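What follows is a single structure, written as structure tokens, with notes after it.
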Amino acid sequence: MMGPFQFEGPTAEAALEEAHRRWGPKGAVSVADEFLQSRMLVGELRGSRFWVKGRGSTWEAAFADADARAIRASRRKAEH
């Protein structure tokens, strides 16, 4: 959840700080140039691979998507 975190504008630095807060030193952000929408990616950098946890047209939307994916994943696990 976003909690007390507030962006001071659409900066990659603020997004990277939030990624580190959520996922520790492996937290990372990226921009996907090949997509017209949902270009902002947030997730973890594991070795040389970037694991997408959320994507959106803004950094805020990407983190909201990461929250939604986490909730959906926990519901899928609970249904079995």
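Every chain in the structure tokens has a letter given in the order shown (A, B, ...), and although residue numbers restart at 1 in each chain, ligands are simply numbered from 1 in the order shown.
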Please provide as a PyMOL selection string all residues within 10 Å of Leu45 in chain A, with the sequence filter that same-chain residues fewer than 3 positions apart are discarded (counting only C-alpha atoms).
-> chain A and resi 23+25-29+42+48-52
C-alpha atoms of the current selection, written as a short mmCIF file (atom, residue, chain, number, x, y, z; two decimals), in the first residue's frame:
```cif
data_model
loop_
_atom_site.label_atom_id
_atom_site.label_comp_id
_atom_site.auth_asym_id
_atom_site.auth_seq_id
_atom_site.Cartn_x
_atom_site.Cartn_y
_atom_site.Cartn_z
CA TRP A 23 11.73 -4.16 -1.69
CA PRO A 25 18.29 -2.75 -2.00
CA LYS A 26 16.96 -4.85 -4.91
CA GLY A 27 14.13 -2.36 -5.52
CA ALA A 28 14.39 -0.77 -8.96
CA VAL A 29 12.52 1.32 -11.53
CA VAL A 42 8.67 -0.86 -10.74
CA SER A 48 20.90 -8.98 -14.42
CA ARG A 49 17.12 -9.52 -14.57
CA PHE A 50 14.41 -6.96 -13.81
CA TRP A 51 11.33 -8.53 -12.22
CA VAL A 52 8.29 -6.31 -12.83
#
```
Can you list, as a ChimeraX atom specification, every residue of range 30-62 of chain A that DSSP puts in helix (DSSP H, G or I)?
-> /A:59-62
Only N, CA, C and O atoms, please: the residues just picked out, written as an mmCIF file, in the first residue's frame.
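What ended up in part.cif:
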```
data_model
loop_
_atom_site.group_PDB
_atom_site.id
_atom_site.type_symbol
_atom_site.label_atom_id
_atom_site.label_comp_id
_atom_site.auth_asym_id
_atom_site.auth_seq_id
_atom_site.Cartn_x
_atom_site.Cartn_y
_atom_site.Cartn_z
ATOM 1 N N TRP A 59 4.464 6.953 -12.172
ATOM 2 C CA TRP A 59 5.083 6.166 -11.100
ATOM 3 C C TRP A 59 4.039 5.773 -10.064
ATOM 4 O O TRP A 59 4.038 4.653 -9.559
ATOM 5 N N GLU A 60 3.130 6.705 -9.748
ATOM 6 C CA GLU A 60 2.090 6.418 -8.765
ATOM 7 C C GLU A 60 1.241 5.240 -9.220
ATOM 8 O O GLU A 60 0.924 4.338 -8.433
ATOM 9 N N ALA A 61 0.874 5.216 -10.494
ATOM 10 C CA ALA A 61 0.055 4.132 -11.038
ATOM 11 C C ALA A 61 0.821 2.814 -11.013
ATOM 12 O O ALA A 61 0.236 1.757 -10.751
ATOM 13 N N ALA A 62 2.113 2.860 -11.284
ATOM 14 C CA ALA A 62 2.922 1.636 -11.269
ATOM 15 C C ALA A 62 2.967 1.034 -9.864
ATOM 16 O O ALA A 62 2.839 -0.188 -9.703
#
```
When distances are computed from only C-alpha atoms, which of A:Ser38, A:Ala73, A:Phe63, A:Gly54 shows the smallest separation from Glu18 in chain A?
-> A:Phe63
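Secondary structure of range 8-80 of chain A, strand (DSSP E or B) only (DSSP, backbone atoms): Gly27, Ala28, Val29, Ser30, Val31, Met40, Leu41, Val42, Gly43, Glu44, Leu45, Arg46, Arg49, Phe50, Trp51, Val52, Lys53, Gly54, Arg55 and Gly56 of chain A.
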Would you output that residue set with N, CA and C atoms, as a CSV table (one decimal), in the first residue's frame?
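New file selection35.csv:
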```csv
chain,number,residue,atom,x,y,z
A,27,GLY,N,15.2,-3.2,-4.9
A,27,GLY,CA,14.1,-2.4,-5.5
A,27,GLY,C,14.7,-1.5,-6.7
A,28,ALA,N,13.9,-1.5,-7.8
A,28,ALA,CA,14.4,-0.8,-9.0
A,28,ALA,C,13.2,-0.2,-9.7
A,29,VAL,N,13.5,0.7,-10.6
A,29,VAL,CA,12.5,1.3,-11.5
A,29,VAL,C,13.1,1.3,-12.9
A,30,SER,N,12.2,1.4,-13.9
A,30,SER,CA,12.6,1.4,-15.3
A,30,SER,C,11.5,2.0,-16.2
A,31,VAL,N,11.9,2.4,-17.4
A,31,VAL,CA,11.0,2.9,-18.3
A,31,VAL,C,11.0,2.0,-19.6
A,40,MET,N,6.0,3.2,-17.2
A,40,MET,CA,6.8,3.2,-15.9
A,40,MET,C,6.7,1.8,-15.3
A,41,LEU,N,7.8,1.2,-15.0
A,41,LEU,CA,7.9,-0.1,-14.4
A,41,LEU,C,8.6,0.0,-13.0
A,42,VAL,N,8.1,-0.8,-12.1
A,42,VAL,CA,8.7,-0.9,-10.7
A,42,VAL,C,8.8,-2.3,-10.4
A,43,GLY,N,9.9,-2.7,-9.7
A,43,GLY,CA,10.1,-4.0,-9.3
A,43,GLY,C,11.4,-4.3,-8.6
A,44,GLU,N,12.0,-5.4,-8.9
A,44,GLU,CA,13.3,-5.8,-8.3
A,44,GLU,C,14.3,-6.2,-9.3
A,45,LEU,N,15.5,-5.8,-9.1
A,45,LEU,CA,16.6,-6.2,-9.9
A,45,LEU,C,17.4,-7.3,-9.2
A,46,ARG,N,17.3,-8.5,-9.8
A,46,ARG,CA,17.9,-9.7,-9.3
A,46,ARG,C,18.9,-10.1,-10.3
A,49,ARG,N,18.5,-9.5,-14.1
A,49,ARG,CA,17.1,-9.5,-14.6
A,49,ARG,C,16.3,-8.5,-13.8
A,50,PHE,N,15.4,-7.9,-14.5
A,50,PHE,CA,14.4,-7.0,-13.8
A,50,PHE,C,13.1,-7.7,-13.7
A,51,TRP,N,12.6,-7.9,-12.5
A,51,TRP,CA,11.3,-8.5,-12.2
A,51,TRP,C,10.3,-7.5,-12.0
A,52,VAL,N,9.3,-7.3,-12.9
A,52,VAL,CA,8.3,-6.3,-12.8
A,52,VAL,C,7.3,-6.7,-11.8
A,53,LYS,N,7.1,-5.8,-10.8
A,53,LYS,CA,6.0,-6.0,-9.8
A,53,LYS,C,4.8,-5.1,-10.1
A,54,GLY,N,5.0,-4.0,-10.9
A,54,GLY,CA,3.9,-3.1,-11.3
A,54,GLY,C,4.3,-2.3,-12.5
A,55,ARG,N,3.3,-1.8,-13.2
A,55,ARG,CA,3.5,-0.9,-14.3
A,55,ARG,C,2.4,0.0,-14.4
A,56,GLY,N,2.6,1.2,-15.0
A,56,GLY,CA,1.6,2.2,-15.1
A,56,GLY,C,2.1,3.4,-15.9
```
